[in-house]
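Participant: File model_32.txt follows (compact mmCIF, C-alpha atoms and all ligand atoms):
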```txt
# COMPACT_ATOMS: atom_id res chain seq x y z
CA MET D 1 -103.92 -24.48 -47.77
CA ARG D 2 -101.66 -27.34 -48.82
CA HIS D 3 -101.52 -28.35 -52.48
CA SER D 4 -100.92 -31.68 -54.20
CA LEU D 5 -97.95 -31.23 -56.49
CA VAL D 6 -96.41 -33.47 -59.13
CA LEU D 7 -92.76 -33.00 -60.02
CA VAL D 8 -92.30 -33.50 -63.76
CA ILE D 9 -88.78 -34.32 -64.95
CA ASN D 10 -87.46 -34.42 -68.50
CA SER D 11 -83.90 -35.64 -68.33
CA GLY D 12 -81.77 -35.23 -71.46
CA SER D 13 -78.17 -36.18 -72.13
CA SER D 14 -76.77 -32.78 -71.16
CA SER D 15 -79.78 -31.13 -69.55
CA LEU D 16 -82.62 -31.69 -67.14
CA LYS D 17 -85.89 -29.78 -67.29
CA PHE D 18 -88.27 -29.79 -64.36
CA ALA D 19 -91.66 -28.38 -63.50
CA LEU D 20 -93.72 -28.56 -60.35
CA ILE D 21 -97.32 -28.90 -61.42
CA ASP D 22 -100.37 -28.29 -59.25
CA ALA D 23 -102.27 -31.54 -59.66
CA VAL D 24 -105.66 -29.83 -59.45
CA SER D 25 -105.29 -26.62 -61.44
CA GLY D 26 -102.50 -27.74 -63.78
CA ASP D 27 -100.55 -24.55 -63.00
CA ALA D 28 -96.75 -24.73 -62.99
CA ARG D 29 -95.61 -23.49 -59.55
CA LEU D 30 -91.92 -23.81 -60.31
CA THR D 31 -90.10 -24.42 -63.59
CA GLY D 32 -86.42 -24.92 -64.18
CA LEU D 33 -83.62 -26.14 -66.36
CA GLY D 34 -80.26 -27.70 -65.62
CA GLU D 35 -77.94 -27.36 -68.60
CA CYS D 36 -74.39 -27.78 -69.92
CA PHE D 37 -74.08 -31.08 -68.04
CA GLY D 38 -70.67 -32.63 -68.58
CA LEU D 39 -69.09 -29.20 -69.00
CA SER D 40 -67.37 -27.03 -66.39
CA ASP D 41 -70.10 -24.36 -66.57
CA ALA D 42 -73.02 -26.67 -65.77
CA SER D 43 -75.79 -24.83 -63.96
CA VAL D 44 -79.40 -24.96 -62.82
CA SER D 45 -81.78 -22.04 -63.30
CA TRP D 46 -85.39 -21.78 -62.21
CA LYS D 47 -88.40 -19.52 -62.07
CA TYR D 48 -90.63 -19.26 -59.02
CA ASP D 49 -93.29 -16.63 -58.40
CA GLY D 50 -92.08 -14.65 -61.43
CA GLU D 51 -88.51 -14.47 -60.03
CA LYS D 52 -85.61 -16.06 -61.88
CA SER D 53 -82.56 -17.52 -60.08
CA SER D 54 -79.67 -19.76 -60.95
CA PHE D 55 -77.01 -21.86 -59.33
CA ALA D 56 -73.67 -23.12 -60.68
CA LEU D 57 -73.00 -26.85 -60.31
CA GLU D 58 -69.56 -28.28 -59.49
CA ALA D 59 -67.16 -28.27 -62.44
CA THR D 60 -67.05 -32.08 -62.56
CA GLY D 61 -69.05 -35.07 -61.32
CA ASN D 62 -72.56 -36.41 -61.92
CA HIS D 63 -74.43 -33.28 -62.96
CA HIS D 64 -77.81 -35.01 -63.18
CA GLN D 65 -77.51 -36.03 -59.53
CA GLN D 66 -76.17 -32.62 -58.51
CA ALA D 67 -79.05 -30.87 -60.27
CA ILE D 68 -81.63 -33.09 -58.58
CA ASP D 69 -79.92 -32.66 -55.18
CA ARG D 70 -80.01 -28.87 -55.68
CA LEU D 71 -83.67 -29.13 -56.64
CA VAL D 72 -84.42 -31.03 -53.42
CA LEU D 73 -82.77 -28.24 -51.40
CA LEU D 74 -84.69 -25.60 -53.32
CA LEU D 75 -88.01 -27.39 -52.78
CA ASP D 76 -87.18 -27.54 -49.07
CA GLU D 77 -86.29 -23.84 -48.95
CA LEU D 78 -89.54 -22.93 -50.72
CA GLY D 79 -91.55 -25.13 -48.36
CA LEU D 80 -92.89 -27.18 -51.29
CA LYS D 81 -91.16 -30.50 -50.78
CA GLN D 82 -93.73 -32.06 -48.47
CA ASP D 83 -96.54 -31.28 -50.94
CA ILE D 84 -95.09 -33.44 -53.71
CA ILE D 85 -97.14 -36.60 -54.08
CA ALA D 86 -95.61 -38.13 -57.23
CA ILE D 87 -92.90 -37.73 -59.85
CA GLY D 88 -93.62 -38.06 -63.57
CA HIS D 89 -90.78 -38.64 -66.01
CA ARG D 90 -90.93 -37.92 -69.71
CA VAL D 91 -89.51 -40.90 -71.60
CA VAL D 92 -89.05 -40.58 -75.35
CA HIS D 93 -89.14 -44.23 -76.38
CA GLY D 94 -91.43 -46.92 -75.05
CA GLY D 95 -91.10 -49.16 -78.12
CA GLU D 96 -93.96 -51.64 -78.56
CA ARG D 97 -93.67 -52.55 -74.89
CA PHE D 98 -95.32 -49.43 -73.41
CA SER D 99 -98.63 -48.22 -74.77
CA GLU D 100 -99.50 -46.29 -71.63
CA THR D 101 -98.05 -44.60 -68.56
CA VAL D 102 -96.52 -47.00 -66.01
CA LYS D 103 -95.29 -46.89 -62.44
CA ILE D 104 -91.52 -47.21 -62.41
CA ASP D 105 -89.98 -50.21 -60.67
CA ASP D 106 -86.70 -52.09 -61.27
CA GLN D 107 -88.22 -54.11 -64.11
CA VAL D 108 -89.65 -51.03 -65.89
CA LEU D 109 -86.36 -49.17 -65.49
CA ALA D 110 -84.48 -52.11 -67.02
CA GLU D 111 -86.91 -52.16 -69.95
CA ILE D 112 -86.53 -48.41 -70.55
CA GLU D 113 -82.78 -48.94 -70.51
CA ALA D 114 -83.05 -51.85 -72.95
CA LEU D 115 -85.00 -49.58 -75.34
CA SER D 116 -81.89 -47.37 -75.58
CA GLU D 117 -81.07 -49.28 -78.75
CA LEU D 118 -84.03 -47.49 -80.39
CA ALA D 119 -83.36 -44.08 -78.79
CA PRO D 120 -79.62 -43.91 -78.07
CA LEU D 121 -79.66 -40.15 -77.42
CA HIS D 122 -82.67 -40.11 -75.12
CA ASN D 123 -83.39 -43.27 -73.13
CA PRO D 124 -79.95 -43.57 -71.45
CA ALA D 125 -80.34 -39.94 -70.28
CA HIS D 126 -83.83 -40.67 -68.94
CA VAL D 127 -82.47 -43.62 -66.97
CA ILE D 128 -79.80 -41.42 -65.36
CA GLY D 129 -82.44 -38.84 -64.40
CA ILE D 130 -84.85 -41.46 -63.06
CA ARG D 131 -82.10 -43.05 -60.95
CA ALA D 132 -81.12 -39.64 -59.54
CA ALA D 133 -84.78 -38.87 -58.73
CA ILE D 134 -85.28 -42.25 -57.04
CA SER D 135 -82.21 -41.69 -54.87
CA ALA D 136 -83.46 -38.20 -53.89
CA PHE D 137 -87.12 -39.15 -53.38
CA PRO D 138 -87.10 -42.87 -52.50
CA TYR D 139 -90.46 -42.56 -50.74
CA LEU D 140 -92.38 -41.10 -53.72
CA PRO D 141 -94.09 -43.09 -56.49
CA GLN D 142 -92.50 -42.34 -59.88
CA TYR D 143 -94.12 -42.78 -63.27
CA ALA D 144 -92.89 -42.96 -66.86
CA VAL D 145 -94.91 -41.20 -69.56
CA PHE D 146 -93.84 -42.17 -73.08
CA ASP D 147 -93.73 -39.96 -76.20
CA THR D 148 -94.44 -43.03 -78.31
CA ALA D 149 -97.38 -44.40 -76.28
CA PHE D 150 -100.20 -42.41 -77.92
CA HIS D 151 -99.20 -43.74 -81.35
CA GLN D 152 -99.37 -47.40 -80.34
CA SER D 153 -102.97 -47.39 -81.64
CA MET D 154 -101.75 -46.97 -85.27
CA PRO D 155 -102.80 -49.80 -87.59
CA ALA D 156 -100.07 -51.91 -89.20
CA LYS D 157 -100.65 -50.26 -92.59
CA ALA D 158 -99.51 -46.99 -90.99
CA TYR D 159 -96.69 -48.21 -88.77
CA ARG D 160 -95.06 -50.81 -91.01
CA TYR D 161 -92.47 -49.85 -93.62
CA ALA D 162 -92.45 -51.59 -96.99
CA LEU D 163 -89.36 -53.49 -95.90
CA PRO D 164 -88.71 -57.22 -95.48
CA GLU D 165 -90.80 -58.60 -92.60
CA LYS D 166 -87.56 -59.87 -91.03
CA LEU D 167 -86.38 -56.31 -90.29
CA TYR D 168 -89.51 -55.72 -88.25
CA GLN D 169 -89.34 -59.10 -86.50
CA ASP D 170 -85.60 -59.06 -85.78
CA PHE D 171 -84.96 -55.39 -85.07
CA GLY D 172 -88.35 -53.77 -84.42
CA ILE D 173 -87.93 -51.51 -87.45
CA ARG D 174 -91.32 -49.78 -87.76
CA ARG D 175 -92.82 -46.34 -87.35
CA TYR D 176 -93.16 -45.46 -83.65
CA GLY D 177 -93.94 -41.74 -83.79
CA PHE D 178 -93.08 -39.16 -81.13
CA HIS D 179 -94.59 -36.01 -79.51
CA GLY D 180 -97.41 -38.33 -78.39
CA THR D 181 -98.18 -36.39 -75.19
CA SER D 182 -98.58 -33.18 -77.18
CA HIS D 183 -100.78 -34.71 -79.89
CA PHE D 184 -102.87 -36.38 -77.19
CA PHE D 185 -103.27 -33.19 -75.16
CA VAL D 186 -104.26 -30.90 -78.02
CA SER D 187 -106.67 -33.49 -79.45
CA LEU D 188 -108.44 -33.60 -76.05
CA GLU D 189 -108.52 -29.80 -75.81
CA ALA D 190 -109.83 -29.61 -79.39
CA ALA D 191 -112.66 -31.98 -78.45
CA LYS D 192 -113.57 -29.63 -75.57
CA LEU D 193 -113.54 -26.60 -77.88
CA LEU D 194 -115.67 -28.48 -80.40
CA GLY D 195 -118.07 -29.60 -77.67
CA LYS D 196 -117.65 -33.26 -78.65
CA PRO D 197 -116.63 -36.33 -76.65
CA ALA D 198 -112.94 -37.11 -77.27
CA GLU D 199 -113.80 -40.59 -78.55
CA LYS D 200 -115.89 -39.07 -81.33
CA THR D 201 -113.41 -36.35 -82.29
CA ASN D 202 -111.43 -36.47 -85.54
CA VAL D 203 -108.59 -34.00 -85.92
CA ILE D 204 -105.23 -33.57 -87.61
CA THR D 205 -102.84 -32.25 -84.96
CA VAL D 206 -99.87 -30.27 -86.23
CA HIS D 207 -97.06 -29.89 -83.69
CA LEU D 208 -94.58 -27.37 -85.09
CA GLY D 209 -91.64 -26.59 -82.83
CA ASN D 210 -87.91 -27.21 -83.12
CA GLY D 211 -89.04 -30.78 -83.64
CA ALA D 212 -92.19 -31.09 -85.72
CA SER D 213 -94.72 -33.82 -86.41
CA ILE D 214 -98.29 -34.31 -87.58
CA CYS D 215 -100.81 -36.84 -86.34
CA ALA D 216 -104.14 -38.08 -87.68
CA VAL D 217 -106.45 -38.63 -84.70
CA ARG D 218 -109.50 -40.74 -85.45
CA ASN D 219 -112.13 -41.01 -82.73
CA GLY D 220 -109.56 -39.84 -80.17
CA GLN D 221 -106.84 -42.29 -81.22
CA SER D 222 -103.66 -41.81 -83.22
CA VAL D 223 -103.97 -43.60 -86.56
CA ASP D 224 -100.96 -42.12 -88.35
CA THR D 225 -98.05 -39.83 -87.58
CA SER D 226 -95.18 -38.31 -89.51
CA MET D 227 -92.19 -39.17 -87.33
CA GLY D 228 -91.09 -42.73 -87.81
CA PHE D 229 -88.51 -45.17 -86.50
CA THR D 230 -86.64 -42.07 -85.33
CA PRO D 231 -87.62 -38.40 -84.84
CA THR D 232 -85.71 -37.47 -88.02
CA ALA D 233 -88.62 -38.46 -90.29
CA GLY D 234 -91.55 -36.50 -91.66
CA LEU D 235 -91.64 -32.70 -91.65
CA MET D 236 -88.70 -30.39 -92.11
CA MET D 237 -87.57 -29.13 -88.67
CA GLY D 238 -85.20 -26.64 -87.03
CA THR D 239 -82.09 -28.72 -87.83
CA ARG D 240 -83.56 -32.04 -89.02
CA CYS D 241 -84.21 -32.87 -92.66
CA GLY D 242 -87.45 -34.85 -92.32
CA ASP D 243 -88.38 -37.26 -95.14
CA LEU D 244 -85.54 -38.08 -97.46
CA ASP D 245 -84.72 -40.50 -100.25
CA PRO D 246 -82.65 -43.19 -98.47
CA GLY D 247 -80.50 -43.31 -101.60
CA ILE D 248 -78.98 -39.98 -100.51
CA VAL D 249 -77.43 -41.68 -97.47
CA ASP D 250 -75.87 -44.35 -99.72
CA PHE D 251 -74.64 -41.71 -102.10
CA LEU D 252 -72.87 -39.73 -99.36
CA ILE D 253 -71.33 -42.84 -97.85
CA ASN D 254 -70.04 -43.79 -101.32
CA LYS D 255 -68.56 -40.29 -101.50
CA GLY D 256 -66.50 -41.15 -98.40
CA TRP D 257 -68.65 -39.54 -95.72
CA SER D 258 -68.62 -41.41 -92.41
CA GLN D 259 -71.88 -42.57 -90.85
CA ALA D 260 -71.39 -39.95 -88.11
CA GLU D 261 -70.96 -37.17 -90.68
CA VAL D 262 -74.13 -38.21 -92.48
CA GLN D 263 -76.07 -38.32 -89.21
CA GLN D 264 -74.73 -34.91 -88.23
CA ALA D 265 -75.79 -33.43 -91.57
CA LEU D 266 -79.29 -34.97 -91.44
CA ASN D 267 -80.06 -34.19 -87.80
CA LYS D 268 -78.05 -31.13 -86.80
CA GLU D 269 -77.22 -29.21 -89.96
CA ALA D 270 -80.38 -29.60 -92.06
CA GLY D 271 -83.89 -28.14 -91.81
CA PHE D 272 -84.31 -24.37 -91.40
CA LEU D 273 -80.63 -24.06 -90.54
CA GLY D 274 -79.33 -26.03 -93.49
CA VAL D 275 -81.58 -24.57 -96.18
CA SER D 276 -81.28 -20.94 -95.03
CA GLY D 277 -77.64 -21.12 -93.95
CA LEU D 278 -78.74 -18.71 -91.22
CA THR D 279 -80.65 -20.10 -88.27
CA SER D 280 -82.73 -22.99 -86.98
CA ASP D 281 -85.20 -20.57 -85.39
CA CYS D 282 -88.45 -19.92 -87.25
CA ARG D 283 -88.66 -16.31 -86.06
CA GLY D 284 -85.23 -15.60 -87.57
CA ILE D 285 -86.30 -17.30 -90.81
CA VAL D 286 -89.43 -15.17 -91.15
CA GLU D 287 -87.56 -11.94 -90.34
CA ALA D 288 -84.80 -12.73 -92.86
CA MET D 289 -87.36 -13.71 -95.51
CA GLU D 290 -89.18 -10.42 -95.01
CA ALA D 291 -85.84 -8.65 -95.41
CA GLY D 292 -85.37 -10.40 -98.78
CA HIS D 293 -83.02 -13.30 -97.89
CA ALA D 294 -83.42 -15.98 -100.59
CA GLY D 295 -82.31 -18.95 -98.44
CA ALA D 296 -84.73 -18.01 -95.66
CA LYS D 297 -87.54 -17.70 -98.23
CA LEU D 298 -86.80 -21.15 -99.61
CA ALA D 299 -86.64 -22.64 -96.09
CA PHE D 300 -90.05 -21.11 -95.30
CA GLU D 301 -91.49 -22.45 -98.55
CA ILE D 302 -90.20 -26.00 -98.12
CA PHE D 303 -91.41 -26.06 -94.52
CA THR D 304 -94.95 -24.78 -95.14
CA TYR D 305 -95.42 -26.75 -98.36
CA ARG D 306 -94.47 -29.97 -96.62
CA VAL D 307 -96.74 -29.29 -93.63
CA ALA D 308 -99.65 -28.72 -96.03
CA LYS D 309 -98.84 -31.88 -98.04
CA TYR D 310 -98.85 -33.95 -94.85
CA ILE D 311 -102.15 -32.47 -93.70
CA ALA D 312 -103.70 -33.23 -97.08
CA SER D 313 -102.39 -36.79 -97.09
CA TYR D 314 -103.76 -37.47 -93.60
CA MET D 315 -107.29 -36.71 -94.74
CA VAL D 316 -107.32 -40.24 -96.17
CA ALA D 317 -106.75 -41.64 -92.68
CA LEU D 318 -110.04 -40.16 -91.46
CA ASP D 319 -113.71 -40.54 -92.47
CA GLU D 320 -114.45 -37.04 -91.30
CA LEU D 321 -112.37 -34.14 -90.06
CA ASP D 322 -113.53 -31.79 -87.30
CA ALA D 323 -110.48 -29.50 -87.29
CA ILE D 324 -106.83 -29.01 -88.04
CA VAL D 325 -105.08 -28.14 -84.76
CA PHE D 326 -101.83 -26.14 -84.70
CA THR D 327 -99.54 -26.29 -81.68
CA GLY D 328 -95.85 -26.09 -80.63
CA GLY D 329 -93.73 -22.91 -80.58
CA ILE D 330 -94.24 -22.24 -84.30
CA GLY D 331 -97.81 -23.57 -84.54
CA GLU D 332 -98.89 -21.48 -81.54
CA ASN D 333 -97.22 -18.26 -82.59
CA SER D 334 -96.28 -17.92 -86.23
CA LEU D 335 -99.00 -16.10 -88.19
CA PRO D 336 -97.19 -16.36 -91.55
CA VAL D 337 -96.61 -20.11 -91.23
CA ARG D 338 -100.26 -20.82 -90.40
CA SER D 339 -101.45 -18.43 -93.07
CA GLU D 340 -99.30 -20.02 -95.78
CA VAL D 341 -100.32 -23.58 -94.83
CA LEU D 342 -104.01 -22.61 -95.01
CA LYS D 343 -103.46 -21.08 -98.47
CA TYR D 344 -102.16 -24.42 -99.74
CA LEU D 345 -105.31 -26.06 -98.36
CA LYS D 346 -107.64 -23.78 -100.31
CA ILE D 347 -108.73 -26.67 -102.51
CA PHE D 348 -110.29 -28.28 -99.42
CA GLY D 349 -112.23 -25.08 -98.61
CA TYR D 350 -110.00 -23.69 -95.84
CA ARG D 351 -110.13 -19.88 -95.57
CA GLU D 352 -108.01 -17.99 -93.06
CA ASP D 353 -109.76 -15.60 -90.70
CA ALA D 354 -107.07 -12.92 -90.38
CA THR D 355 -108.41 -11.58 -87.07
CA GLY D 356 -108.75 -15.07 -85.59
CA ASN D 357 -105.23 -15.90 -86.74
CA ALA D 358 -103.84 -12.68 -85.24
CA ASN D 359 -105.59 -13.29 -81.91
CA ALA D 360 -104.54 -16.91 -81.41
CA ARG D 361 -100.97 -16.28 -80.26
CA PHE D 362 -98.81 -16.16 -77.15
CA GLY D 363 -100.74 -18.78 -75.23
CA GLU D 364 -104.22 -17.90 -76.56
CA LYS D 365 -106.22 -20.64 -78.24
CA GLY D 366 -108.79 -19.99 -80.95
CA VAL D 367 -110.27 -20.73 -84.34
CA ILE D 368 -108.30 -19.23 -87.25
CA THR D 369 -110.61 -20.00 -90.18
CA LYS D 370 -113.74 -18.18 -91.35
CA PRO D 371 -117.18 -19.25 -90.13
CA ASN D 372 -118.91 -21.87 -92.32
CA THR D 373 -115.60 -23.09 -93.78
CA PRO D 374 -113.58 -26.13 -92.69
CA MET D 375 -112.09 -25.39 -89.30
CA ALA D 376 -108.48 -24.87 -88.20
CA MET D 377 -107.60 -23.84 -84.68
CA VAL D 378 -104.66 -23.11 -82.41
CA ILE D 379 -104.28 -24.85 -79.07
CA PRO D 380 -101.20 -24.27 -76.87
CA THR D 381 -99.70 -27.59 -75.87
CA ASN D 382 -98.88 -28.53 -72.28
CA GLU D 383 -96.85 -31.72 -72.10
CA GLU D 384 -95.95 -31.23 -68.42
CA TRP D 385 -99.62 -31.12 -67.51
CA VAL D 386 -100.24 -34.41 -69.37
CA ILE D 387 -97.33 -36.03 -67.54
CA ALA D 388 -98.62 -34.74 -64.18
CA ARG D 389 -102.19 -35.79 -64.90
CA GLU D 390 -101.24 -39.27 -66.12
CA SER D 391 -99.10 -39.75 -62.99
CA MET D 392 -102.00 -38.61 -60.79
CA ALA D 393 -104.42 -40.94 -62.56
CA LEU D 394 -102.18 -43.94 -61.85
CA LEU D 395 -101.53 -42.81 -58.30
CA HIS D 396 -105.26 -42.81 -57.61
CA ALA D 397 -105.99 -45.97 -59.64
P1 LIG D 401 -90.63 -25.29 -79.42
O1 LIG D 401 -89.62 -26.34 -79.82
O2 LIG D 401 -92.03 -25.81 -79.38
O3 LIG D 401 -90.23 -24.52 -78.20
O4 LIG D 401 -90.62 -24.20 -80.60
C1 LIG D 401 -89.49 -23.47 -80.97
C2 LIG D 401 -89.78 -22.77 -82.29
O5 LIG D 401 -90.90 -21.89 -82.09
C3 LIG D 401 -88.64 -21.91 -82.79
O6 LIG D 401 -88.45 -22.14 -84.18
C4 LIG D 401 -89.15 -20.49 -82.59
O7 LIG D 401 -88.67 -19.60 -83.56
C5 LIG D 401 -90.63 -20.68 -82.74
N1 LIG D 401 -91.34 -19.57 -82.10
C6 LIG D 401 -91.43 -19.28 -80.80
N2 LIG D 401 -92.09 -18.10 -80.60
C7 LIG D 401 -92.42 -17.64 -81.84
C8 LIG D 401 -93.09 -16.49 -82.35
N3 LIG D 401 -93.55 -15.56 -81.52
N4 LIG D 401 -93.25 -16.38 -83.69
C9 LIG D 401 -92.78 -17.31 -84.51
N5 LIG D 401 -92.11 -18.42 -84.12
C10 LIG D 401 -91.94 -18.58 -82.80
```
How does this structure look as structure tokens?

Facilitator:
Amino acid sequence: MRHSLVLVINSGSSSLKFALIDAVSGDARLTGLGECFGLSDASVSWKYDGEKSSFALEATGNHHQQAIDRLVLLLDELGLKQDIIAIGHRVVHGGERFSETVKIDDQVLAEIEALSELAPLHNPAHVIGIRAAISAFPYLPQYAVFDTAFHQSMPAKAYRYALPEKLYQDFGIRRYGFHGTSHFFVSLEAAKLLGKPAEKTNVITVHLGNGASICAVRNGQSVDTSMGFTPTAGLMMGTRCGDLDPGIVDFLINKGWSQAEVQQALNKEAGFLGVSGLTSDCRGIVEAMEAGHAGAKLAFEIFTYRVAKYIASYMVALDELDAIVFTGGIGENSLPVRSEVLKYLKIFGYREDATGNANARFGEKGVITKPNTPMAMVIPTNEEWVIARESMALLHA
């Protein structure tokens, strides 16, 4: 039997992730990653039917195009190419222009490129990937799914900074929020688990991965989120500092630091890595903390305390709260992180169910609080599936 497949592409500056999603079941038939683009050891690796393989790219040249060309060959070899009906691209920044998924044409591509000013690390890389995919699959419809789109429903009181109006009007300085596809997906799945229609579901979604953000979802719509004008804001992350007194930036620049040095410190050397001095990886932090490492303990404490503070503050964005929903690599797997966050929320009545917490790991969803207490749950995210489904919805519209 032939299947309808959607190729999902997430093109970064030095990497390109892809997944071939069955449009009916949502299963990933093929997943892969091109990495080290721009370096002599650029390569593409993939997993199909449980088997892993890889392929070295040429030492020089356009590695995005080479990766996509290799992918086309692979799809041909596996007999999957003719089953692809659409391509969905993850695009980090849609600004105020894109509040939903769109079909890509020349105009849309130009607008995504123009938004590079707001996402200089991401949007130019998406444009390169989209161009390479169009040249390899000129006959297929291609769609852009934006990380920012879900948050376009935020009210002005949530998205505006207390800055002069002119900065918003002239430069678009406002909170945009990111991880929208993940917050959207887990809020829908939470509604299913709660047995409620999505448009009547109120949740606080807590995406904790290398990047981390929280979202208040009121009646199915994002009404506040912790990332802001850039993905540096909000929670502490693997290497990003999260919220910060802007005076610190001034202070460092007055000390003679360059703008690039400050950016490097805030985005690449902070977070778990910076505080612990050890690692950006939550598993490593927990292991080191349990072995008595003081920096790892402090990193864990700052991280969990800030997550809990954000959850508490987002209660004011909602009239009622059905559940707190954990997701992302840390949110889906880390028992101690979830346990500690729930302890901070004791004042609101949250009580961890140790068995529920232990069971909801490694891809399993479930409720992690005791019966008859306010509910927290774990739902594994699936951004590729959202991108595939949104592309399918537009294809059939
Ligand atoms: P993501 O960016 O969503 O892939 O998440 C990456 C983060 O998830 C890293 O900090 C990992 O340490 C963390 N993570 C992944 N698996 C586990 C696990 N089994 N226990 C704790 N943390 C985990």

Participant: Give the answer as one residue: which of D:Ala360, D:Val92, D:Gln264, D:Phe55 has the shortest atom-to-atom distance to D:Leu73, using all atoms listed in the file?

Facilitator: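 Comparing D:Ala360, D:Val92, D:Gln264, D:Phe55 against D:Leu73, the winner is D:Phe55.
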
Participant: Give as a list of chain:residue names the set of residues within 10 Å of the point (-92.8, -47.8, -84.4), where distances use the file's coordinates and all atoms listed in the file.

Facilitator: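 Residues close enough to count: D:His93, D:Gly94, D:Gly95, D:Glu96, D:Leu118, D:Thr148, D:Ala149, D:His151, D:Gln152, D:Met154, D:Ala156, D:Ala158, D:Tyr159, D:Arg160, D:Tyr161, D:Tyr168, D:Gly172, D:Ile173, D:Arg174, D:Arg175, D:Tyr176, D:Gly177, D:Phe178, D:Met227, D:Gly228, D:Phe229, D:Thr230.
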
Participant: May I have the residues from that selection written out with C-alpha atoms, as a compact mmCIF listing (two decimals), in the frame of the given file?

Facilitator:
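The resulting file, result.txt, is shown below:
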```txt
# COMPACT_ATOMS: atom_id res chain seq x y z
CA HIS D 93 -89.14 -44.23 -76.38
CA GLY D 94 -91.43 -46.92 -75.05
CA GLY D 95 -91.10 -49.16 -78.12
CA GLU D 96 -93.96 -51.64 -78.56
CA LEU D 118 -84.03 -47.49 -80.39
CA THR D 148 -94.44 -43.03 -78.31
CA ALA D 149 -97.38 -44.40 -76.28
CA HIS D 151 -99.20 -43.74 -81.35
CA GLN D 152 -99.37 -47.40 -80.34
CA MET D 154 -101.75 -46.97 -85.27
CA ALA D 156 -100.07 -51.91 -89.20
CA ALA D 158 -99.51 -46.99 -90.99
CA TYR D 159 -96.69 -48.21 -88.77
CA ARG D 160 -95.06 -50.81 -91.01
CA TYR D 161 -92.47 -49.85 -93.62
CA TYR D 168 -89.51 -55.72 -88.25
CA GLY D 172 -88.35 -53.77 -84.42
CA ILE D 173 -87.93 -51.51 -87.45
CA ARG D 174 -91.32 -49.78 -87.76
CA ARG D 175 -92.82 -46.34 -87.35
CA TYR D 176 -93.16 -45.46 -83.65
CA GLY D 177 -93.94 -41.74 -83.79
CA PHE D 178 -93.08 -39.16 -81.13
CA MET D 227 -92.19 -39.17 -87.33
CA GLY D 228 -91.09 -42.73 -87.81
CA PHE D 229 -88.51 -45.17 -86.50
CA THR D 230 -86.64 -42.07 -85.33
```

Participant: Which distance in Å separates atom CA of D:Asp41 and atom CA of D:His63, to one decimal?

Facilitator: 10.6 Å

Participant: Measure the distance from atom CA of D:Ser13 to atom CA of D:Gly38 in Å and round it to one decimal.

Facilitator: 9.0 Å

Participant: If we count only C-alpha atoms and set the cut-off at 10 Å, which residues sit around D:Cys241, ignoring sequence neighbours fewer than 3 positions away in its own chain? Please answer as a list in words.

Facilitator: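 Non-adjacent residues within range: Thr232, Ala233, Gly234, Leu235, Met236, Met237, Gly238, Leu244, Ala265, Leu266, Asn267, Lys268, Glu269, Ala270, Gly271, Phe272, Leu273, Gly274 and Val275 of chain D.
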
Participant: Would you mind listing what lies within 6 Å of stretch 27-33 of chain D as number ranges by chain, with all atoms listed in the file counted and same-chain residues fewer than 2 positions away left out?

Facilitator: D: 16-22, 25, 44-48

Participant: Write out, as an mmCIF file, in the frame of the given file, the residues just selected, with C-alpha atoms.

Facilitator:
```cif
data_model
loop_
_atom_site.group_PDB
_atom_site.id
_atom_site.type_symbol
_atom_site.label_atom_id
_atom_site.label_comp_id
_atom_site.auth_asym_id
_atom_site.auth_seq_id
_atom_site.Cartn_x
_atom_site.Cartn_y
_atom_site.Cartn_z
ATOM 1 C CA LEU D 16 -82.620 -31.690 -67.140
ATOM 2 C CA LYS D 17 -85.890 -29.780 -67.290
ATOM 3 C CA PHE D 18 -88.270 -29.790 -64.360
ATOM 4 C CA ALA D 19 -91.660 -28.380 -63.500
ATOM 5 C CA LEU D 20 -93.720 -28.560 -60.350
ATOM 6 C CA ILE D 21 -97.320 -28.900 -61.420
ATOM 7 C CA ASP D 22 -100.370 -28.290 -59.250
ATOM 8 C CA SER D 25 -105.290 -26.620 -61.440
ATOM 9 C CA VAL D 44 -79.400 -24.960 -62.820
ATOM 10 C CA SER D 45 -81.780 -22.040 -63.300
ATOM 11 C CA TRP D 46 -85.390 -21.780 -62.210
ATOM 12 C CA LYS D 47 -88.400 -19.520 -62.070
ATOM 13 C CA TYR D 48 -90.630 -19.260 -59.020
#
```

Participant: Pull the neighbourhood of (-95.1, -16.6, -90.0) for me: all residues within 12 Å in file coordinates, counting all atoms listed in the file, as a PyMOL selection string.

Facilitator: chain D and resi 208+281-290+296-297+300-301+303-304+329-342+357-358+361

Participant: Hey, which of D:Ala212, D:Leu298, D:Ala393, D:Leu74 ends up closest to ligand LIG 401 (chain D)? Count all atoms listed in the file.

Facilitator: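 With all atoms listed in the file as the atom set, the closest residue is D:Ala212.
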
Participant: Identify which of the residues D:Gly295, D:Gly211, D:Gly247, D:Gly220 lies closest to ligand LIG 401 (chain D), counting only C-alpha atoms and all ligand atoms when measuring atom-to-atom distances.

Facilitator: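 Checking each candidate against ligand LIG 401 (chain D), we get D:Gly211 as the closest.
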
Participant: Can you tell me, as a VMD selection string, what residues are no more than 12 Å from D:Gly26 when counting all atoms listed in the file, ignoring any on the same chain fewer than 4 positions away?

Facilitator: chain D and resid 3 to 8 19 to 22 30 382 to 390 392

Participant: Give me, please, the distance in Å between atom CA of D:Thr201 and atom CA of D:Asn219, quoted to one decimal.

Facilitator: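 Separating atom CA of D:Thr201 from atom CA of D:Asn219 is a distance of 4.9 Å.
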
Participant: Please provide as a VMD selection string all residues within 10 Å of D:Ile104, with the sequence filter that same-chain residues fewer than 3 positions apart are discarded (counting all atoms listed in the file).

Facilitator: chain D and resid 87 to 89 101 107 to 110 112 130 134 141 to 145
